[in-house]
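What's in target_39.txt: compact mmCIF, C-alpha atoms and all ligand atoms
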```
# COMPACT_ATOMS: atom_id res chain seq x y z
CA MET L 1 8.99 6.31 29.89
CA LYS L 2 11.77 8.01 27.92
CA ILE L 3 13.26 7.14 24.55
CA ILE L 4 16.92 6.40 25.20
CA ASP L 5 18.05 4.95 21.90
CA ALA L 6 16.89 4.80 18.29
CA ARG L 7 18.31 2.65 15.52
CA VAL L 8 17.61 2.84 11.79
CA ILE L 9 18.06 -0.62 10.32
CA VAL L 10 18.38 -1.02 6.55
CA THR L 11 18.27 -4.60 5.33
CA CYS L 12 17.81 -6.36 1.99
CA PRO L 13 16.62 -9.96 2.43
CA GLY L 14 15.71 -10.03 -1.26
CA ARG L 15 14.46 -6.43 -1.28
CA ASN L 16 15.22 -3.32 0.75
CA PHE L 17 13.46 -2.43 4.00
CA VAL L 18 14.03 0.48 6.39
CA THR L 19 13.03 -0.16 10.00
CA LEU L 20 13.14 2.22 12.94
CA LYS L 21 13.61 0.73 16.40
CA LEU L 22 12.89 2.99 19.40
CA ILE L 23 14.14 1.80 22.77
CA THR L 24 12.88 3.17 26.09
CA ASP L 25 14.34 3.30 29.58
CA SER L 26 11.61 0.86 30.71
CA GLY L 27 13.16 -1.85 28.54
CA LEU L 28 10.21 -1.78 26.14
CA TYR L 29 10.93 -1.07 22.50
CA GLY L 30 8.81 -0.48 19.42
CA ILE L 31 9.46 -0.80 15.71
CA GLY L 32 8.11 1.07 12.70
CA ASP L 33 8.41 0.63 8.92
CA ALA L 34 9.96 3.51 6.95
CA THR L 35 10.43 1.77 3.60
CA LEU L 36 9.98 3.97 0.52
CA ASN L 37 10.60 1.81 -2.51
CA GLY L 38 13.57 3.05 -4.56
CA ARG L 39 14.24 5.94 -2.14
CA GLU L 40 15.12 3.95 0.99
CA LEU L 41 18.35 5.77 1.86
CA ALA L 42 16.69 9.18 1.57
CA VAL L 43 14.35 8.17 4.40
CA SER L 44 17.01 6.49 6.53
CA SER L 45 19.18 9.59 6.22
CA TYR L 46 16.23 11.88 7.09
CA LEU L 47 15.61 9.75 10.16
CA GLU L 48 19.23 9.50 11.25
CA GLU L 49 20.25 13.09 10.58
CA HIS L 50 17.10 15.03 11.40
CA VAL L 51 14.65 12.99 13.48
CA VAL L 52 16.49 10.58 15.76
CA PRO L 53 18.58 13.28 17.55
CA ALA L 54 15.35 15.07 18.53
CA LEU L 55 13.72 11.87 19.81
CA ILE L 56 16.30 10.95 22.41
CA GLY L 57 15.00 11.92 25.86
CA ARG L 58 11.39 12.43 24.69
CA ASP L 59 8.48 10.84 26.56
CA ALA L 60 7.52 7.76 24.50
CA SER L 61 3.90 7.97 25.68
CA ARG L 62 3.32 11.34 23.96
CA ILE L 63 2.43 10.00 20.53
CA GLU L 64 0.25 12.91 19.43
CA ASP L 65 2.68 15.57 20.57
CA THR L 66 5.58 13.80 18.85
CA TRP L 67 3.56 13.59 15.63
CA GLN L 68 2.73 17.31 15.80
CA TYR L 69 6.36 18.12 16.62
CA LEU L 70 7.64 16.26 13.55
CA TYR L 71 4.89 17.48 11.19
CA ARG L 72 3.58 20.85 12.32
CA GLY L 73 6.91 21.78 13.83
CA ALA L 74 8.80 21.25 10.58
CA TYR L 75 9.15 24.12 8.14
CA TRP L 76 9.25 21.62 5.20
CA ARG L 77 6.02 19.69 5.50
CA ARG L 78 4.63 16.59 3.81
CA GLY L 79 6.23 14.70 0.93
CA PRO L 80 6.90 10.94 0.89
CA VAL L 81 10.35 11.08 2.52
CA THR L 82 9.27 13.20 5.48
CA MET L 83 6.00 11.34 5.94
CA SER L 84 7.61 7.88 5.77
CA ALA L 85 10.00 8.97 8.53
CA ILE L 86 7.12 10.32 10.66
CA SER L 87 5.15 7.14 9.97
CA ALA L 88 7.93 4.93 11.32
CA VAL L 89 8.23 6.97 14.53
CA ASP L 90 4.46 6.90 15.02
CA MET L 91 4.14 3.15 14.37
CA ALA L 92 6.97 2.42 16.80
CA LEU L 93 5.38 4.63 19.50
CA TRP L 94 1.98 2.90 19.13
CA ASP L 95 3.81 -0.43 19.39
CA ILE L 96 5.42 0.73 22.64
CA LYS L 97 2.16 2.09 24.06
CA ALA L 98 0.30 -1.14 23.32
CA LYS L 99 3.12 -3.20 24.82
CA ALA L 100 3.07 -1.00 27.94
CA ALA L 101 -0.70 -1.53 28.18
CA GLN L 102 -0.13 -5.27 27.58
CA MET L 103 -2.68 -5.15 24.78
CA PRO L 104 -2.67 -6.04 21.13
CA LEU L 105 -2.74 -2.78 19.17
CA TYR L 106 -6.30 -3.27 17.86
CA GLN L 107 -7.56 -3.16 21.46
CA LEU L 108 -5.91 0.18 22.07
CA LEU L 109 -7.45 1.55 18.87
CA GLY L 110 -10.95 0.66 20.07
CA GLY L 111 -11.32 -3.12 19.78
CA LYS L 112 -12.47 -5.39 17.00
CA SER L 113 -14.97 -4.23 14.39
CA ARG L 114 -14.68 -7.60 12.61
CA GLU L 115 -13.34 -11.10 13.20
CA ARG L 116 -11.15 -11.26 10.11
CA VAL L 117 -9.74 -9.01 7.42
CA MET L 118 -10.47 -9.75 3.76
CA THR L 119 -7.37 -9.58 1.61
CA TYR L 120 -6.75 -9.65 -2.13
CA ALA L 121 -3.96 -11.40 -3.99
CA HIS L 122 -2.20 -10.55 -7.26
CA CYS L 123 -2.93 -12.78 -10.23
CA THR L 124 -0.82 -12.09 -13.29
CA GLY L 125 -0.13 -13.89 -16.53
CA LYS L 126 1.64 -13.27 -19.81
CA ASP L 127 -1.75 -13.63 -21.55
CA ILE L 128 -5.40 -14.18 -20.64
CA ASP L 129 -5.13 -17.97 -20.43
CA SER L 130 -2.18 -18.01 -18.05
CA CYS L 131 -3.84 -15.30 -15.98
CA LEU L 132 -6.95 -17.48 -15.65
CA GLU L 133 -4.75 -20.31 -14.32
CA GLU L 134 -3.32 -17.95 -11.69
CA VAL L 135 -6.83 -16.92 -10.65
CA ALA L 136 -7.75 -20.62 -10.33
CA ARG L 137 -4.67 -21.22 -8.17
CA HIS L 138 -5.54 -18.33 -5.85
CA VAL L 139 -9.18 -19.37 -5.55
CA GLU L 140 -7.82 -22.77 -4.52
CA LEU L 141 -5.71 -21.02 -1.84
CA GLY L 142 -8.90 -19.50 -0.44
CA TYR L 143 -8.79 -15.93 -1.76
CA LYS L 144 -12.18 -14.23 -2.12
CA ALA L 145 -10.70 -11.23 -3.96
CA VAL L 146 -8.01 -11.09 -6.65
CA ARG L 147 -6.26 -8.36 -8.58
CA VAL L 148 -6.06 -9.37 -12.23
CA GLN L 149 -3.35 -8.09 -14.63
CA ALA L 150 -2.29 -9.70 -17.91
CA GLY L 151 0.22 -9.11 -20.67
CA ILE L 152 -1.12 -7.12 -23.61
CA PRO L 153 -0.63 -8.23 -27.21
CA GLY L 154 1.84 -5.91 -28.90
CA ILE L 155 3.36 -4.53 -25.67
CA LYS L 156 6.61 -6.24 -24.62
CA THR L 157 6.69 -5.57 -20.88
CA ILE L 158 3.79 -4.63 -18.66
CA TYR L 159 4.39 -3.37 -15.13
CA GLY L 160 2.68 -5.53 -12.54
CA VAL L 161 2.92 -8.73 -14.58
CA ALA L 162 5.51 -11.37 -13.59
CA LYS L 163 8.32 -11.95 -16.09
CA HIS L 164 8.04 -15.73 -15.87
CA GLU L 165 5.13 -18.10 -15.35
CA GLY L 166 4.33 -18.81 -11.69
CA GLU L 167 6.66 -16.05 -10.40
CA ARG L 168 5.62 -12.86 -8.69
CA TYR L 169 6.46 -9.56 -10.28
CA GLU L 170 9.11 -7.43 -8.60
CA PRO L 171 8.24 -3.71 -8.47
CA ALA L 172 11.86 -2.49 -8.32
CA ASP L 173 13.72 -4.76 -10.68
CA ALA L 174 16.86 -2.89 -11.81
CA ASP L 175 19.79 -0.85 -10.54
CA ILE L 176 18.86 2.07 -12.82
CA PRO L 177 15.18 2.34 -13.90
CA ALA L 178 14.31 -0.05 -16.73
CA GLU L 179 12.38 1.53 -19.62
CA HIS L 180 9.03 0.05 -20.66
CA VAL L 181 6.96 0.95 -23.71
CA TRP L 182 3.30 1.80 -23.20
CA SER L 183 0.33 1.93 -25.59
CA THR L 184 -2.92 3.25 -24.16
CA GLU L 185 -4.99 2.05 -27.12
CA LYS L 186 -3.69 -1.53 -26.98
CA TYR L 187 -4.31 -1.57 -23.24
CA LEU L 188 -7.84 -0.15 -23.43
CA ASN L 189 -8.84 -2.63 -26.11
CA HIS L 190 -7.52 -5.60 -24.15
CA VAL L 191 -8.61 -5.13 -20.52
CA PRO L 192 -12.38 -5.66 -21.08
CA GLN L 193 -11.58 -8.98 -22.82
CA LEU L 194 -9.56 -10.07 -19.81
CA PHE L 195 -12.42 -9.40 -17.39
CA ALA L 196 -14.99 -11.00 -19.69
CA ALA L 197 -12.87 -14.18 -19.64
CA VAL L 198 -12.46 -14.14 -15.85
CA ARG L 199 -16.19 -13.68 -15.23
CA GLU L 200 -17.05 -16.35 -17.76
CA ARG L 201 -14.88 -18.92 -16.01
CA PHE L 202 -15.30 -17.93 -12.35
CA GLY L 203 -18.79 -16.42 -12.21
CA HIS L 204 -19.74 -13.32 -10.26
CA ASP L 205 -18.94 -14.22 -6.62
CA LEU L 206 -15.21 -13.58 -6.74
CA HIS L 207 -14.18 -9.95 -6.12
CA LEU L 208 -12.10 -8.63 -9.03
CA LEU L 209 -9.72 -5.69 -8.86
CA HIS L 210 -7.49 -4.04 -11.44
CA ASP L 211 -4.58 -1.58 -11.17
CA VAL L 212 -3.98 0.95 -13.95
CA HIS L 213 -0.78 2.30 -12.33
CA HIS L 214 -1.71 5.91 -13.22
CA ARG L 215 -1.31 5.38 -16.97
CA LEU L 216 -4.52 7.02 -18.31
CA THR L 217 -5.96 10.48 -18.83
CA PRO L 218 -9.32 11.14 -17.11
CA ILE L 219 -11.42 10.59 -20.24
CA GLU L 220 -9.55 7.37 -21.06
CA ALA L 221 -10.12 6.18 -17.49
CA ALA L 222 -13.81 7.01 -17.86
CA ARG L 223 -13.91 4.88 -21.04
CA LEU L 224 -12.25 1.95 -19.24
CA GLY L 225 -14.58 2.26 -16.24
CA LYS L 226 -17.61 2.11 -18.55
CA ALA L 227 -16.19 -0.76 -20.59
CA VAL L 228 -15.71 -2.99 -17.53
CA GLU L 229 -19.05 -2.17 -15.88
CA PRO L 230 -20.64 -5.48 -17.00
CA TYR L 231 -17.93 -7.36 -15.04
CA HIS L 232 -18.68 -5.63 -11.70
CA LEU L 233 -15.21 -4.85 -10.47
CA PHE L 234 -14.59 -4.43 -6.75
CA TRP L 235 -12.39 -1.54 -7.81
CA LEU L 236 -10.40 0.12 -10.56
CA GLU L 237 -7.20 1.44 -9.01
CA ASP L 238 -4.99 4.44 -9.71
CA CYS L 239 -6.50 5.07 -13.12
CA VAL L 240 -4.98 8.58 -13.37
CA PRO L 241 -2.16 10.49 -11.72
CA ALA L 242 -3.95 12.52 -9.05
CA GLU L 243 -2.01 15.70 -8.37
CA ASN L 244 -5.14 17.33 -9.76
CA GLN L 245 -7.89 15.90 -7.56
CA GLU L 246 -10.58 17.24 -9.94
CA SER L 247 -9.52 14.56 -12.45
CA LEU L 248 -11.50 12.05 -10.45
CA ARG L 249 -14.72 14.03 -10.91
CA LEU L 250 -14.76 13.52 -14.64
CA ILE L 251 -14.23 9.76 -14.29
CA ARG L 252 -16.87 9.50 -11.58
CA GLU L 253 -19.46 11.29 -13.70
CA HIS L 254 -19.10 8.68 -16.44
CA THR L 255 -18.97 5.33 -14.69
CA THR L 256 -20.34 3.27 -11.81
CA THR L 257 -17.13 1.18 -11.57
CA PRO L 258 -15.81 1.79 -8.02
CA LEU L 259 -12.59 3.80 -7.87
CA ALA L 260 -9.61 3.26 -5.54
CA ILE L 261 -6.64 5.57 -5.24
CA GLY L 262 -4.00 6.82 -2.86
CA GLU L 263 -1.07 4.42 -2.52
CA VAL L 264 1.31 7.28 -3.36
CA PHE L 265 -0.46 9.85 -1.17
CA ASN L 266 1.02 10.85 2.14
CA SER L 267 -1.41 13.26 3.76
CA ILE L 268 -5.10 14.02 4.05
CA HIS L 269 -4.53 17.04 1.84
CA ASP L 270 -3.72 14.72 -1.10
CA CYS L 271 -7.22 13.23 -0.98
CA ARG L 272 -9.46 15.72 0.87
CA GLU L 273 -11.35 16.99 -2.19
CA MET L 274 -11.83 13.60 -3.78
CA ILE L 275 -13.16 12.20 -0.51
CA GLN L 276 -15.51 15.03 0.41
CA ASN L 277 -16.91 15.14 -3.13
CA GLN L 278 -17.39 11.37 -3.11
CA TRP L 279 -15.42 10.95 -6.32
CA ILE L 280 -13.75 7.79 -4.97
CA ASP L 281 -14.80 4.67 -3.08
CA TYR L 282 -11.56 3.40 -1.50
CA ILE L 283 -8.54 5.21 -0.06
CA ARG L 284 -5.29 3.22 -0.22
CA THR L 285 -2.74 5.33 1.66
CA PRO L 286 -0.82 2.87 3.87
CA LEU L 287 0.41 3.43 7.42
CA THR L 288 4.05 3.57 6.26
CA HIS L 289 3.56 6.52 3.91
CA GLY L 290 0.55 8.32 5.39
CA GLY L 291 2.00 9.51 8.69
CA GLY L 292 1.47 6.31 10.66
CA ILE L 293 -1.56 5.33 12.70
CA THR L 294 -2.11 8.84 14.04
CA HIS L 295 -2.63 10.46 10.64
CA VAL L 296 -4.13 7.55 8.65
CA ARG L 297 -6.74 7.22 11.40
CA ARG L 298 -7.73 10.82 10.70
CA ILE L 299 -7.97 10.10 6.98
CA ALA L 300 -10.11 7.00 7.66
CA ASP L 301 -12.45 8.84 10.02
CA PHE L 302 -12.86 11.69 7.54
CA ALA L 303 -13.44 9.18 4.72
CA SER L 304 -16.13 7.39 6.72
CA LEU L 305 -18.29 10.54 6.59
CA TYR L 306 -18.41 10.18 2.80
CA HIS L 307 -18.87 6.39 2.43
CA VAL L 308 -15.23 5.94 1.44
CA ARG L 309 -13.62 2.77 2.79
CA THR L 310 -9.99 1.76 3.37
CA GLY L 311 -8.08 -0.55 1.03
CA PHE L 312 -4.48 -0.32 2.20
CA HIS L 313 -1.58 -0.73 -0.18
CA GLY L 314 0.28 -3.91 0.80
CA PRO L 315 2.96 -4.85 -1.73
CA THR L 316 6.20 -6.68 -0.91
CA ASP L 317 7.98 -3.32 -0.81
CA LEU L 318 6.25 -2.49 2.48
CA SER L 319 7.75 -4.56 5.28
CA PRO L 320 5.94 -7.08 7.49
CA VAL L 321 6.02 -4.32 10.14
CA CYS L 322 3.65 -2.24 8.03
CA LEU L 323 1.49 -5.25 7.21
CA GLY L 324 1.29 -6.32 10.86
CA ALA L 325 0.26 -2.84 12.02
CA ALA L 326 -2.22 -2.68 9.10
CA VAL L 327 -3.90 -5.92 10.15
CA HIS L 328 -4.53 -4.38 13.60
CA PHE L 329 -5.83 -1.18 12.01
CA ASP L 330 -8.02 -3.15 9.57
CA THR L 331 -9.43 -5.21 12.44
CA TRP L 332 -10.49 -2.02 14.21
CA VAL L 333 -11.39 0.54 11.51
CA PRO L 334 -15.17 0.73 11.05
CA ASN L 335 -15.01 1.65 7.34
CA PHE L 336 -12.75 -1.18 6.24
CA GLY L 337 -12.87 -2.34 2.62
CA VAL L 338 -10.03 -4.74 1.84
CA GLN L 339 -6.30 -5.27 2.53
CA GLU L 340 -3.80 -5.91 -0.26
CA HIS L 341 -1.62 -9.00 0.21
CA MET L 342 1.48 -9.67 -1.83
CA PRO L 343 3.10 -12.31 0.37
CA HIS L 344 6.66 -11.77 1.62
CA ASP L 345 9.06 -14.62 1.01
CA ALA L 346 10.30 -16.95 3.75
CA LEU L 347 13.60 -15.09 4.15
CA THR L 348 11.85 -11.77 4.75
CA ASP L 349 9.46 -13.41 7.20
CA SER L 350 12.46 -14.86 9.09
CA VAL L 351 13.98 -11.37 9.48
CA PHE L 352 10.61 -10.00 10.64
CA PRO L 353 8.92 -12.60 12.88
CA HIS L 354 5.22 -11.82 13.25
CA ASP L 355 1.98 -13.18 14.66
CA TYR L 356 -0.58 -12.24 11.96
CA ARG L 357 -1.88 -15.24 10.02
CA PHE L 358 -3.46 -15.86 6.63
CA GLU L 359 -6.43 -18.19 6.51
CA ASP L 360 -9.13 -18.72 3.90
CA GLY L 361 -8.60 -15.44 2.06
CA HIS L 362 -8.37 -13.36 5.25
CA PHE L 363 -5.83 -12.11 7.76
CA LEU L 364 -6.31 -12.97 11.40
CA VAL L 365 -4.84 -10.53 13.90
CA GLY L 366 -2.44 -11.75 16.59
CA GLU L 367 -2.95 -11.33 20.32
CA SER L 368 0.58 -10.45 21.44
CA PRO L 369 1.00 -6.98 22.95
CA GLY L 370 1.89 -4.28 20.40
CA HIS L 371 1.56 -4.71 16.65
CA GLY L 372 2.96 -8.20 16.82
CA VAL L 373 5.96 -7.80 14.49
CA ASP L 374 9.62 -7.83 15.51
CA ILE L 375 12.97 -7.55 13.73
CA ASP L 376 15.81 -10.04 14.13
CA GLU L 377 18.68 -7.56 13.97
CA GLU L 378 21.37 -10.22 13.67
CA ALA L 379 19.61 -11.75 10.66
CA ALA L 380 18.94 -8.28 9.18
CA ALA L 381 22.66 -7.44 9.36
CA LYS L 382 23.47 -10.30 6.99
CA TYR L 383 21.67 -8.60 4.08
CA PRO L 384 23.15 -5.21 3.11
CA PHE L 385 21.30 -2.59 1.08
CA LYS L 386 21.21 -3.13 -2.68
CA ARG L 387 19.99 -0.29 -4.89
CA ALA L 388 16.86 -1.15 -6.87
CA SER L 389 14.64 1.10 -8.95
CA LEU L 390 11.10 1.06 -10.26
CA PRO L 391 10.85 1.27 -14.06
CA VAL L 392 9.78 4.26 -16.16
CA ASN L 393 7.64 3.98 -19.25
CA ARG L 394 7.45 5.76 -22.60
CA LEU L 395 4.77 5.94 -25.27
CA GLU L 396 5.58 4.18 -28.53
CA ASP L 397 6.89 7.47 -29.99
CA GLY L 398 9.35 7.87 -27.09
CA THR L 399 7.41 10.35 -24.92
CA LEU L 400 8.05 9.76 -21.22
CA TRP L 401 4.72 8.76 -19.70
CA HIS L 402 3.03 8.74 -16.28
CA TRP L 403 3.31 6.17 -13.62
O1 LIG M 501 0.54 -3.01 -5.08
C1 LIG M 501 0.16 -2.14 -5.85
O2 LIG M 501 -1.00 -1.79 -5.98
C2 LIG M 501 1.16 -1.44 -6.64
O3 LIG M 501 0.80 -0.63 -7.46
C3 LIG M 501 2.58 -1.75 -6.37
C4 LIG M 501 3.44 -0.53 -6.52
O4 LIG M 501 3.66 -0.28 -7.86
C5 LIG M 501 4.74 -0.69 -5.79
O5 LIG M 501 4.46 -0.91 -4.47
C6 LIG M 501 5.59 0.52 -5.96
O6 LIG M 501 6.63 0.54 -5.03
MG MG M 502 -1.29 -0.04 -7.07
```

Go ahead and render the structure in this file as structure tokens.
Amino acid sequence: MKIIDARVIVTCPGRNFVTLKLITDSGLYGIGDATLNGRELAVSSYLEEHVVPALIGRDASRIEDTWQYLYRGAYWRRGPVTMSAISAVDMALWDIKAKAAQMPLYQLLGGKSRERVMTYAHCTGKDIDSCLEEVARHVELGYKAVRVQAGIPGIKTIYGVAKHEGERYEPADADIPAEHVWSTEKYLNHVPQLFAAVRERFGHDLHLLHDVHHRLTPIEAARLGKAVEPYHLFWLEDCVPAENQESLRLIREHTTTPLAIGEVFNSIHDCREMIQNQWIDYIRTPLTHGGGITHVRRIADFASLYHVRTGFHGPTDLSPVCLGAAVHFDTWVPNFGVQEHMPHDALTDSVFPHDYRFEDGHFLVGESPGHGVDIDEEAAAKYPFKRASLPVNRLEDGTLWHW
């Protein structure tokens, strides 16, 4: 079964997505997600100029060899652009292989390890009270786990909090990056109050998560972890930038709050030390940025040796193709933790028809062969690319600060 055509489809039904479609001489095709928020055209160009020409004529069944060819065979390894491109090829090839086997992808991976996949929703509010209302709404919708983020008194704009009541926040909200102001002290003083209020109203059964978006130093993160211990978080996410993996050691030594990290990682080498030293509890690297199923499976297997579980990144800036493949992976992977769910809007869902379903706080995997997500190319063509950037943030004195 040879690859005879490959198309890179960039579409913006509200936000940008990059999709790779690989077509074989058997008539079967597969699709993969290559979306890298704010850098979409870098990946589509990498695919079109450097990857697609080498794929034409290759045997579509040789997933491992193709992965090695694109990773080991490249002089310039790793990095989010390269790895997003490899991820899309890999996801599309697994889609084709599962379709050829007439199996849903989870069967090809090894079958079900669970009946359903727990997912967490985002609850945000301009202050604690409106955040509590959002939590109540999501509990009503059936969620068993929620990520809680609220506005902070004295800080005008907080990333991850919707601008208006009842809306979702948009990660990439401006043509050129918007500038936010950040105060670590105001933040650290406020977050424990938020979790105290949530626990007081909702009790201790609901799983609570929180995302720091890499804003703290290790000792500040340790302080936050300790401060929220009484509220038993499911996880504290991305509390420091992690180029230096040792940073996680210091945090770990100070707190029992579980730590999640890795949505910006793209290879096992970004998390090897923190996993093997058991400095973290959850690894978040998604299929779209971590080298597809072939490489993320290696990360998950390695992580399982050290009691680290998966908690895949799943924002609206990853396409339904990534989410669909993730639901298959989550259904199979033995060391599953949780799956993030920031629902796509109806327009996006119409461009990417899929068979995964949400029910009672969980995803249910579909039974159609492959990963169960398609792209309607005619619909996709109606929505051209529109540049959108994630914000940057500065301390109150003007210093440019971490993500
Ligand atoms: O979903 C999360 O956990 C995020 O942190 C969202 C990211 O900021 C967003 O996907 C960046 O593109
Ligand atoms: Mg995050």

Closest atom pairs, chain L residues within 6 Å of ligand LIG 501 (chain M), all atoms listed in the file, as a Markdown table:
```
| residue | atom | partner | partner_atom | distance |
| --- | --- | --- | --- | --- |
| L:Asn37 | CA | M:LIG501 | O6 | 4.9 |
| L:Pro171 | CA | M:LIG501 | C5 | 5.3 |
| L:His213 | CA | M:LIG501 | O3 | 5.9 |
| L:His313 | CA | M:LIG501 | O1 | 5.8 |
| L:Gly314 | CA | M:LIG501 | O1 | 6.0 |
| L:Pro315 | CA | M:LIG501 | O1 | 4.5 |
| L:Asp317 | CA | M:LIG501 | O5 | 5.6 |
```

Please provide the set of residues having any atom within 12 Å of range 42-48 of chain L, restricted to all atoms listed in the file, with same-chain residues fewer than 2 positions apart removed, written as a compact mmCIF listing (two decimals) with C-alpha atoms, keeping the file's coordinate frame.
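This is the output file selection.txt:
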```txt
# COMPACT_ATOMS: atom_id res chain seq x y z
CA ASP L 5 18.05 4.95 21.90
CA ALA L 6 16.89 4.80 18.29
CA ARG L 7 18.31 2.65 15.52
CA VAL L 8 17.61 2.84 11.79
CA ILE L 9 18.06 -0.62 10.32
CA VAL L 10 18.38 -1.02 6.55
CA THR L 11 18.27 -4.60 5.33
CA ASN L 16 15.22 -3.32 0.75
CA PHE L 17 13.46 -2.43 4.00
CA VAL L 18 14.03 0.48 6.39
CA THR L 19 13.03 -0.16 10.00
CA LEU L 20 13.14 2.22 12.94
CA LYS L 21 13.61 0.73 16.40
CA LEU L 22 12.89 2.99 19.40
CA GLY L 32 8.11 1.07 12.70
CA ASP L 33 8.41 0.63 8.92
CA ALA L 34 9.96 3.51 6.95
CA THR L 35 10.43 1.77 3.60
CA LEU L 36 9.98 3.97 0.52
CA ASN L 37 10.60 1.81 -2.51
CA GLY L 38 13.57 3.05 -4.56
CA ARG L 39 14.24 5.94 -2.14
CA GLU L 40 15.12 3.95 0.99
CA HIS L 50 17.10 15.03 11.40
CA VAL L 51 14.65 12.99 13.48
CA VAL L 52 16.49 10.58 15.76
CA PRO L 53 18.58 13.28 17.55
CA ALA L 54 15.35 15.07 18.53
CA LEU L 55 13.72 11.87 19.81
CA ILE L 56 16.30 10.95 22.41
CA LEU L 70 7.64 16.26 13.55
CA GLY L 79 6.23 14.70 0.93
CA PRO L 80 6.90 10.94 0.89
CA VAL L 81 10.35 11.08 2.52
CA THR L 82 9.27 13.20 5.48
CA MET L 83 6.00 11.34 5.94
CA SER L 84 7.61 7.88 5.77
CA ALA L 85 10.00 8.97 8.53
CA ILE L 86 7.12 10.32 10.66
CA SER L 87 5.15 7.14 9.97
CA ALA L 88 7.93 4.93 11.32
CA VAL L 89 8.23 6.97 14.53
CA THR L 288 4.05 3.57 6.26
CA HIS L 289 3.56 6.52 3.91
CA PHE L 385 21.30 -2.59 1.08
CA ARG L 387 19.99 -0.29 -4.89
```

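The protein and nucleic acid residues lying at most 8 Å from Val392 in chain L are L:Pro177, L:Ala178, L:Glu179, L:His180, L:Leu400, L:Trp401, L:Trp403, with only C-alpha atoms considered and sequence neighbours fewer than 4 positions away removed.
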
Using all atoms listed in the file, which residues of chain L come within 9 Å of ligand MG 502 (chain M), and what is the closest atom pair for each, with the distance in Å to one decimal? Give it as JSON lines, sorted by chain and residue number.
```
{"residue": "L:Gly160", "atom": "CA", "partner": "M:MG502", "partner_atom": "MG", "distance": 8.7}
{"residue": "L:His210", "atom": "CA", "partner": "M:MG502", "partner_atom": "MG", "distance": 8.6}
{"residue": "L:Asp211", "atom": "CA", "partner": "M:MG502", "partner_atom": "MG", "distance": 5.5}
{"residue": "L:Val212", "atom": "CA", "partner": "M:MG502", "partner_atom": "MG", "distance": 7.5}
{"residue": "L:His213", "atom": "CA", "partner": "M:MG502", "partner_atom": "MG", "distance": 5.8}
{"residue": "L:His214", "atom": "CA", "partner": "M:MG502", "partner_atom": "MG", "distance": 8.6}
{"residue": "L:Glu237", "atom": "CA", "partner": "M:MG502", "partner_atom": "MG", "distance": 6.4}
{"residue": "L:Asp238", "atom": "CA", "partner": "M:MG502", "partner_atom": "MG", "distance": 6.4}
{"residue": "L:Ile261", "atom": "CA", "partner": "M:MG502", "partner_atom": "MG", "distance": 8.0}
{"residue": "L:Gly262", "atom": "CA", "partner": "M:MG502", "partner_atom": "MG", "distance": 8.5}
{"residue": "L:Glu263", "atom": "CA", "partner": "M:MG502", "partner_atom": "MG", "distance": 6.4}
{"residue": "L:Val264", "atom": "CA", "partner": "M:MG502", "partner_atom": "MG", "distance": 8.6}
{"residue": "L:Arg284", "atom": "CA", "partner": "M:MG502", "partner_atom": "MG", "distance": 8.6}
{"residue": "L:His313", "atom": "CA", "partner": "M:MG502", "partner_atom": "MG", "distance": 6.9}
{"residue": "L:Gly314", "atom": "CA", "partner": "M:MG502", "partner_atom": "MG", "distance": 8.9}
{"residue": "L:Pro315", "atom": "CA", "partner": "M:MG502", "partner_atom": "MG", "distance": 8.3}
```

Handout entry: Point-to-point distance in Å for CA of Trp332 in chain L and CA of Thr294 in chain L
Key =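 These atoms are spaced 13.7 Å apart.
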
Completion exercise
Counting all atoms listed in the file, the residue among L:Ser319, L:Leu347, L:Glu115, L:Arg77 that lies closest to Ser267 in chain L is L:Arg77

Completion exercise
Ala92 in chain L proximity check over L:Met342, L:Ala325, L:Ile268, L:Leu209, using all atoms listed in the file: winner is L:Ala325

Practice task
Write out as number ranges by chain the residues lying within 9 Å of Arg201 in chain L, counting all atoms listed in the file and excluding same-chain residues fewer than 4 positions away.
Solution key: L: 132, 196-197

Exercise for the section: For Glu220 in chain L, list every protein, DNA or RNA residue within 9 Å, evaluated using all atoms listed in the file, and leave out those in the same chain fewer than 4 positions away; present the list as a VMD selection string. Expected result: chain L and resid 184 188 216 224 to 225 239 251

Handout entry: Nearby residues (only C-alpha atoms) at most 12 Å from Glu273 in chain L, same-chain spacing under 6 positions excluded, as a ChimeraX atom specification
Key = /L:242-249,279-280,299,302-303,306

Exercise for the section: Could you tell me which of L:Glu253, L:Val338, L:Asp129, L:Gly111 comes closest to Tyr282 in chain L if we count all atoms listed in the file? Expected result: L:Val338

Exercise for the section: Kindly give the distance, in Å, that separates CA of Gln278 in chain L and CA of Arg298 in chain L, rounded to a single decimal. Expected result: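 The value is 16.9 Å.
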